[in-house]
Amino acid sequence: MSQAAETLISLKQVCLSFAEQTVLDNINLSIHRNEIISIIGPNGAGKSSLIKIMAGLVPASSGTREQHGQFVLGYVPQKLSMDKSMPIKVSRFLSLSRAPKTSYHEALTIVGAEQLWSRQMHDLSGGEFQRVLFARALARKPDLLLLDEPLQGVDITGQVELYELIGKIRGQLNCGIAMVSHDLHLVMAQTDRVLCLNGHICCEGQPESVSQHPEYLSLFGQHGSQNLAVYTHHHDHHHNLHGDVERCNSSCHHD
Amino acid sequence: MIELFLLPLLTGLVLLFSLAPLGCFVLWRRMAFFGDSIAHSMLIGVALALAFELNISLATLLLAAFIALLMAAFGRDGKLPRDTLLSIISHSSLAVGLLAMSVFADQRLNLMSFLVGDILSVNSKDLLTVSISSSLCLALLIYYWRALLGLVISKELSQVEGDNSAWLNALLMLITALVIAIAVRMVGVLLITALMVIPAASARLLSRSPEAMALLSVAFATAALCLGMALSFVFNSATGPTIVSVAALLLLCTAALGKIRPR
């Protein structure tokens, strides 16, 4: 069996329900080494729950989670609310991963946040915090990296950078990656397989085929399958304070 | 007269070495109500011990451990928010405890000494008990320090990184319960949580790492204990409340200094 096809974990007929609500229904899924899977779906589709089941944090109500062999798991939660009552530097936070210091320092550099090294965790902005969380997961050199909307709050150029980084990391660590994302367009380029989730797996496959799939289109609509473009046009008028249209003249500076 | 103070002072100091760092955890995990619940339930333990003629220390200790484990097991996933639940447990156990004390402990015990403590009544046997349990708790805290910090920051991350968070959680609650059960003797069931939280809060204002905060909290608690005991000696005031008042005053001063001095 080639390296690329080595299965890391597989979920078989996994269901998850809270009280009487079914969150996940009959999920069958395997993640292989050296593969990037993106999980997309509307709010409440069970994306985070699926990641947590894969991480072994939440037990499935039924079905099995099979882990093939011993490997290091990396997990980036959607959100981590830290109490301000604990003073802790980024470096100390990263050290809690039990990775050696060189590893977590390198990981922080890789995610482009080296300058945060001696900052206090609770002083970080949302985007900086996510980068640090990402670094903590990377520090342990995971075989399977599970990312639950890892780039929330990261600005758009940072997101493009980090998605490219995710692609690179897969090559470097030779790991399997599953990530939840809202942003299909940024994700697509780095993804081998897209999983469209809405309680059950609506469709899965290569990014191009998924974006044309009828179930996908019914969930996200036509516009979801087309790249967003910035709508630019020239104004030949503007609105005064009363909302009335005025023709432009030379004193007009918009556009 | 000084010998009268020396033994209690020494006992208090030994106790603070585990009590104060645990206070940081109480702060970090927002467990103040948990501390109260344990402390208040001590009253029930005392009343039960009197009713069934058991050893008071043993009965209270076992009850504390029992309640801690109960809360570790059922403290999650309820419809009521955690702090509401703990507030209910804490105050109901105070009410039931006071009720039980009024039924069983009529003339035999001074209720006040349970409520606000009686540090001056400790003897050398108490010093030994406190030393052993306090060192045990401190040793456990140091040994599991990194893992406990990980748990406090994020249960999920610590679990993914290979720690057994359920066991760590139970351990932390048990240590807290044990230390509270011993410390109740010093400052009483009503004030024990204050003696944990206030020095930790003062330390928070001055520290930039969890370790520094733990060490500073010991320093603040020690200062409160020594000053409080001295003042209670001079003014002949109740010792437990004096110590806690001094701790609160130190917190106020620290906060005020922090406001004045630009950092």
# chains A, B, ... in the order shown; residues from 1 in each chain; ligands from 1

call {"tool": "closest_atom_pairs", "arguments": {"of": "chain B", "to": "chain A", "cutoff": "6 Å", "atoms": "only C-alpha atoms", "output": "JSON lines"}}
result
{"residue": "B:Trp28", "atom": "CA", "partner": "A:Ser85", "partner_atom": "CA", "distance": 5.6}
{"residue": "B:Arg208", "atom": "CA", "partner": "A:Pro87", "partner_atom": "CA", "distance": 5.0}
{"residue": "B:Ser209", "atom": "CA", "partner": "A:Ile88", "partner_atom": "CA", "distance": 4.7}
{"residue": "B:Pro210", "atom": "CA", "partner": "A:Pro87", "partner_atom": "CA", "distance": 5.7}

call {"tool": "write_last_selection", "arguments": {"atoms": "N, CA, C and O atoms", "output": "JSON list (two decimals), in the first residue's frame"}}
result
[["chain", "number", "residue", "atom", "x", "y", "z"],
["B", 28, "TRP", "N", -8.97, 30.98, 38.36],
["B", 28, "TRP", "CA", -8.88, 30.65, 36.94],
["B", 28, "TRP", "C", -10.09, 29.88, 36.45],
["B", 28, "TRP", "O", -10.55, 30.05, 35.35],
["B", 208, "ARG", "N", 2.80, 38.16, 35.38],
["B", 208, "ARG", "CA", 2.70, 37.94, 33.94],
["B", 208, "ARG", "C", 2.82, 36.46, 33.56],
["B", 208, "ARG", "O", 2.89, 36.12, 32.40],
["B", 209, "SER", "N", 2.87, 35.60, 34.56],
["B", 209, "SER", "CA", 2.86, 34.17, 34.26],
["B", 209, "SER", "C", 2.11, 33.45, 35.37],
["B", 209, "SER", "O", 2.01, 33.96, 36.49],
["B", 210, "PRO", "N", 1.54, 32.29, 35.06],
["B", 210, "PRO", "CA", 0.78, 31.57, 36.09],
["B", 210, "PRO", "C", 1.64, 31.20, 37.30],
["B", 210, "PRO", "O", 1.15, 31.20, 38.43]]

call {"tool": "select_by_dssp", "arguments": {"residues": "region 10-215 of chain A", "states": "strand (DSSP E)", "output": "VMD selection string"}}
result
chain A and resid 10 to 18 21 to 32 36 to 40 62 to 67 73 to 76 144 to 148 176 to 180 193 to 198 200 to 205

call {"tool": "residues_around", "arguments": {"residues": "region 117-125 of chain B", "least_positions_apart": "3", "cutoff": "9 Å", "atoms": "only C-alpha atoms", "output": "PyMOL selection string"}}
result
chain B and resi 4-5+7-9+11-12+112-114+128-130+183-192+238-241

call {"tool": "write_last_selection", "arguments": {"atoms": "N, CA, C and O atoms", "output": "JSON list (two decimals), in the first residue's frame"}}
result
[["chain", "number", "residue", "atom", "x", "y", "z"],
["B", 4, "LEU", "N", 1.37, 31.43, 72.47],
["B", 4, "LEU", "CA", -0.03, 31.22, 72.11],
["B", 4, "LEU", "C", -0.25, 31.47, 70.63],
["B", 4, "LEU", "O", -1.10, 30.85, 69.99],
["B", 5, "PHE", "N", 0.56, 32.38, 70.07],
["B", 5, "PHE", "CA", 0.41, 32.76, 68.67],
["B", 5, "PHE", "C", 1.32, 31.97, 67.74],
["B", 5, "PHE", "O", 1.04, 31.85, 66.56],
["B", 7, "LEU", "N", 2.29, 28.75, 67.49],
["B", 7, "LEU", "CA", 1.80, 27.51, 66.90],
["B", 7, "LEU", "C", 0.73, 27.76, 65.83],
["B", 7, "LEU", "O", 0.84, 27.24, 64.71],
["B", 8, "PRO", "N", -0.28, 28.58, 66.16],
["B", 8, "PRO", "CA", -1.27, 28.89, 65.11],
["B", 8, "PRO", "C", -0.63, 29.55, 63.89],
["B", 8, "PRO", "O", -0.98, 29.21, 62.75],
["B", 9, "LEU", "N", 0.31, 30.43, 64.12],
["B", 9, "LEU", "CA", 0.95, 31.13, 63.00],
["B", 9, "LEU", "C", 1.67, 30.13, 62.09],
["B", 9, "LEU", "O", 1.53, 30.15, 60.88],
["B", 11, "THR", "N", 1.14, 26.90, 61.87],
["B", 11, "THR", "CA", 0.15, 26.05, 61.21],
["B", 11, "THR", "C", -0.45, 26.77, 60.00],
["B", 11, "THR", "O", -0.59, 26.20, 58.92],
["B", 12, "GLY", "N", -0.80, 28.03, 60.22],
["B", 12, "GLY", "CA", -1.37, 28.83, 59.14],
["B", 12, "GLY", "C", -0.43, 28.95, 57.96],
["B", 12, "GLY", "O", -0.82, 28.77, 56.81],
["B", 112, "MET", "N", -20.06, 29.76, 66.33],
["B", 112, "MET", "CA", -19.28, 30.87, 65.77],
["B", 112, "MET", "C", -17.88, 30.40, 65.34],
["B", 112, "MET", "O", -17.36, 30.85, 64.31],
["B", 113, "SER", "N", -17.30, 29.49, 66.10],
["B", 113, "SER", "CA", -15.94, 29.06, 65.77],
["B", 113, "SER", "C", -15.93, 28.25, 64.48],
["B", 113, "SER", "O", -14.91, 28.17, 63.79],
["B", 114, "PHE", "N", -17.07, 27.65, 64.11],
["B", 114, "PHE", "CA", -17.13, 26.96, 62.83],
["B", 114, "PHE", "C", -17.37, 27.95, 61.70],
["B", 114, "PHE", "O", -16.91, 27.77, 60.59],
["B", 128, "LEU", "N", 0.75, 18.90, 62.88],
["B", 128, "LEU", "CA", 1.24, 17.72, 62.17],
["B", 128, "LEU", "C", 0.29, 17.34, 61.03],
["B", 128, "LEU", "O", 0.71, 17.14, 59.88],
["B", 129, "THR", "N", -1.00, 17.27, 61.34],
["B", 129, "THR", "CA", -2.00, 16.92, 60.32],
["B", 129, "THR", "C", -1.94, 17.90, 59.16],
["B", 129, "THR", "O", -1.91, 17.51, 57.98],
["B", 130, "VAL", "N", -1.93, 19.20, 59.50],
["B", 130, "VAL", "CA", -1.91, 20.23, 58.47],
["B", 130, "VAL", "C", -0.64, 20.11, 57.62],
["B", 130, "VAL", "O", -0.69, 20.20, 56.39],
["B", 183, "ALA", "N", -8.54, 23.71, 56.14],
["B", 183, "ALA", "CA", -8.40, 25.14, 56.40],
["B", 183, "ALA", "C", -9.61, 25.74, 57.10],
["B", 183, "ALA", "O", -9.50, 26.80, 57.73],
["B", 184, "VAL", "N", -10.73, 25.07, 57.00],
["B", 184, "VAL", "CA", -11.96, 25.57, 57.61],
["B", 184, "VAL", "C", -11.75, 25.85, 59.11],
["B", 184, "VAL", "O", -12.27, 26.80, 59.68],
["B", 185, "ARG", "N", -10.94, 25.04, 59.71],
["B", 185, "ARG", "CA", -10.60, 25.18, 61.13],
["B", 185, "ARG", "C", -10.02, 26.57, 61.44],
["B", 185, "ARG", "O", -10.25, 27.13, 62.50],
["B", 186, "MET", "N", -9.26, 27.09, 60.47],
["B", 186, "MET", "CA", -8.53, 28.35, 60.70],
["B", 186, "MET", "C", -9.43, 29.57, 60.56],
["B", 186, "MET", "O", -9.46, 30.43, 61.42],
["B", 187, "VAL", "N", -10.12, 29.64, 59.42],
["B", 187, "VAL", "CA", -10.88, 30.87, 59.16],
["B", 187, "VAL", "C", -12.37, 30.64, 59.05],
["B", 187, "VAL", "O", -13.12, 31.59, 58.83],
["B", 188, "GLY", "N", -12.81, 29.39, 59.20],
["B", 188, "GLY", "CA", -14.24, 29.16, 59.22],
["B", 188, "GLY", "C", -14.85, 28.95, 57.85],
["B", 188, "GLY", "O", -14.28, 29.29, 56.83],
["B", 189, "VAL", "N", -16.05, 28.36, 57.85],
["B", 189, "VAL", "CA", -16.69, 27.98, 56.59],
["B", 189, "VAL", "C", -17.11, 29.20, 55.78],
["B", 189, "VAL", "O", -17.22, 29.14, 54.56],
["B", 190, "LEU", "N", -17.35, 30.32, 56.43],
["B", 190, "LEU", "CA", -17.86, 31.47, 55.69],
["B", 190, "LEU", "C", -16.73, 32.23, 54.98],
["B", 190, "LEU", "O", -16.96, 32.88, 53.99],
["B", 191, "LEU", "N", -15.52, 32.13, 55.52],
["B", 191, "LEU", "CA", -14.46, 32.99, 55.02],
["B", 191, "LEU", "C", -13.38, 32.27, 54.24],
["B", 191, "LEU", "O", -12.51, 32.90, 53.64],
["B", 192, "ILE", "N", -13.41, 30.93, 54.22],
["B", 192, "ILE", "CA", -12.30, 30.20, 53.64],
["B", 192, "ILE", "C", -12.10, 30.51, 52.16],
["B", 192, "ILE", "O", -10.97, 30.72, 51.69],
["B", 238, "ALA", "N", -11.57, 39.14, 66.50],
["B", 238, "ALA", "CA", -11.68, 37.76, 66.00],
["B", 238, "ALA", "C", -10.62, 37.54, 64.91],
["B", 238, "ALA", "O", -10.50, 38.35, 63.99],
["B", 239, "THR", "N", -9.85, 36.45, 65.01],
["B", 239, "THR", "CA", -8.68, 36.29, 64.15],
["B", 239, "THR", "C", -9.04, 36.09, 62.68],
["B", 239, "THR", "O", -8.52, 36.79, 61.81],
["B", 240, "GLY", "N", -9.93, 35.11, 62.40],
["B", 240, "GLY", "CA", -10.28, 34.79, 61.01],
["B", 240, "GLY", "C", -10.74, 36.02, 60.24],
["B", 240, "GLY", "O", -10.16, 36.35, 59.18],
["B", 241, "PRO", "N", -11.74, 36.73, 60.74],
["B", 241, "PRO", "CA", -12.21, 37.93, 60.02],
["B", 241, "PRO", "C", -11.11, 38.99, 59.88],
["B", 241, "PRO", "O", -11.06, 39.68, 58.85]]

call {"tool": "select_by_dssp", "arguments": {"residues": "region 8-241 of chain A", "states": "alpha helix (DSSP H)", "output": "ChimeraX atom specification"}}
result
/A:47-55,90-95,101-110,126-139,156-169,184-188,207-210,214-220,222-225

call {"tool": "residues_around", "arguments": {"residues": "Ile88 (chain B)", "least_positions_apart": "4", "cutoff": "12 Å", "atoms": "only C-alpha atoms", "output": "ChimeraX atom specification"}}
result
/B:33-34,36-37,40,80-84,92-96

call {"tool": "residues_around", "arguments": {"residues": "Gln206 (chain A)", "least_positions_apart": "3", "cutoff": "10 Å", "atoms": "only C-alpha atoms", "output": "list in words"}}
result
Ile37, Met188, Thr191, Asp192, Arg193, Val194, Leu195, Ser209, Val210 and Ser211 of chain A

call {"tool": "residues_around", "arguments": {"residues": "region 178-182 of chain B", "least_positions_apart": "6", "cutoff": "8 Å", "atoms": "only C-alpha atoms", "output": "NGL selection string"}}
result
:B and (15 or 18-19 or 35 or 38-39 or 42 or 60-61 or 64-65 or 130 or 133-134 or 137 or 192)

call {"tool": "write_last_selection", "arguments": {"atoms": "N, CA and C atoms", "output": "short mmCIF file (atom, residue, chain, number, x, y, z; two decimals), in the first residue's frame"}}
result
data_model
loop_
_atom_site.label_atom_id
_atom_site.label_comp_id
_atom_site.auth_asym_id
_atom_site.auth_seq_id
_atom_site.Cartn_x
_atom_site.Cartn_y
_atom_site.Cartn_z
N LEU B 15 -0.16 25.82 55.97
CA LEU B 15 -1.39 25.63 55.21
C LEU B 15 -1.41 26.48 53.94
N SER B 18 -0.21 25.50 50.27
CA SER B 18 -1.06 24.83 49.29
C SER B 18 -2.36 25.60 49.05
N LEU B 19 -2.82 26.29 50.08
CA LEU B 19 -4.09 27.01 49.97
C LEU B 19 -4.02 28.13 48.93
N GLY B 35 -15.81 26.22 46.02
CA GLY B 35 -15.16 26.32 47.32
C GLY B 35 -16.17 26.54 48.43
N ILE B 38 -18.17 23.33 49.18
CA ILE B 38 -17.40 22.40 50.00
C ILE B 38 -17.37 22.89 51.45
N ALA B 39 -17.03 24.18 51.61
CA ALA B 39 -16.88 24.72 52.95
C ALA B 39 -18.19 24.66 53.73
N MET B 42 -19.28 21.44 55.16
CA MET B 42 -18.55 21.02 56.35
C MET B 42 -19.45 21.07 57.58
N THR B 60 -15.87 15.28 58.29
CA THR B 60 -15.90 16.44 57.40
C THR B 60 -15.04 16.18 56.15
N LEU B 61 -13.90 15.54 56.36
CA LEU B 61 -13.01 15.26 55.24
C LEU B 61 -13.68 14.35 54.22
N ALA B 64 -16.37 16.15 52.37
CA ALA B 64 -15.81 17.09 51.39
C ALA B 64 -15.40 16.34 50.13
N ALA B 65 -14.71 15.21 50.32
CA ALA B 65 -14.26 14.42 49.17
C ALA B 65 -15.46 13.91 48.38
N VAL B 130 -1.93 19.20 59.50
CA VAL B 130 -1.91 20.23 58.47
C VAL B 130 -0.64 20.11 57.62
N SER B 133 -0.96 17.01 55.22
CA SER B 133 -1.92 17.15 54.11
C SER B 133 -1.53 18.29 53.19
N SER B 134 -1.01 19.37 53.77
CA SER B 134 -0.64 20.50 52.93
C SER B 134 0.53 20.14 52.02
N CYS B 137 -0.77 17.93 49.20
CA CYS B 137 -1.48 18.69 48.16
C CYS B 137 -0.51 19.50 47.32
N ILE B 192 -13.41 30.93 54.22
CA ILE B 192 -12.30 30.20 53.64
C ILE B 192 -12.10 30.51 52.16
#

call {"tool": "residues_around", "arguments": {"residues": "Ile31 (chain A)", "least_positions_apart": "6", "cutoff": "7 Å", "atoms": "only C-alpha atoms", "output": "list in words"}}
result
Thr7, Leu8, Ile9, Ser10 and Gly176 of chain A

call {"tool": "atom_distance", "arguments": {"atom1": "CA of Val14 (chain B)", "atom2": "CA of Ser57 (chain B)"}}
result
18.1 Å
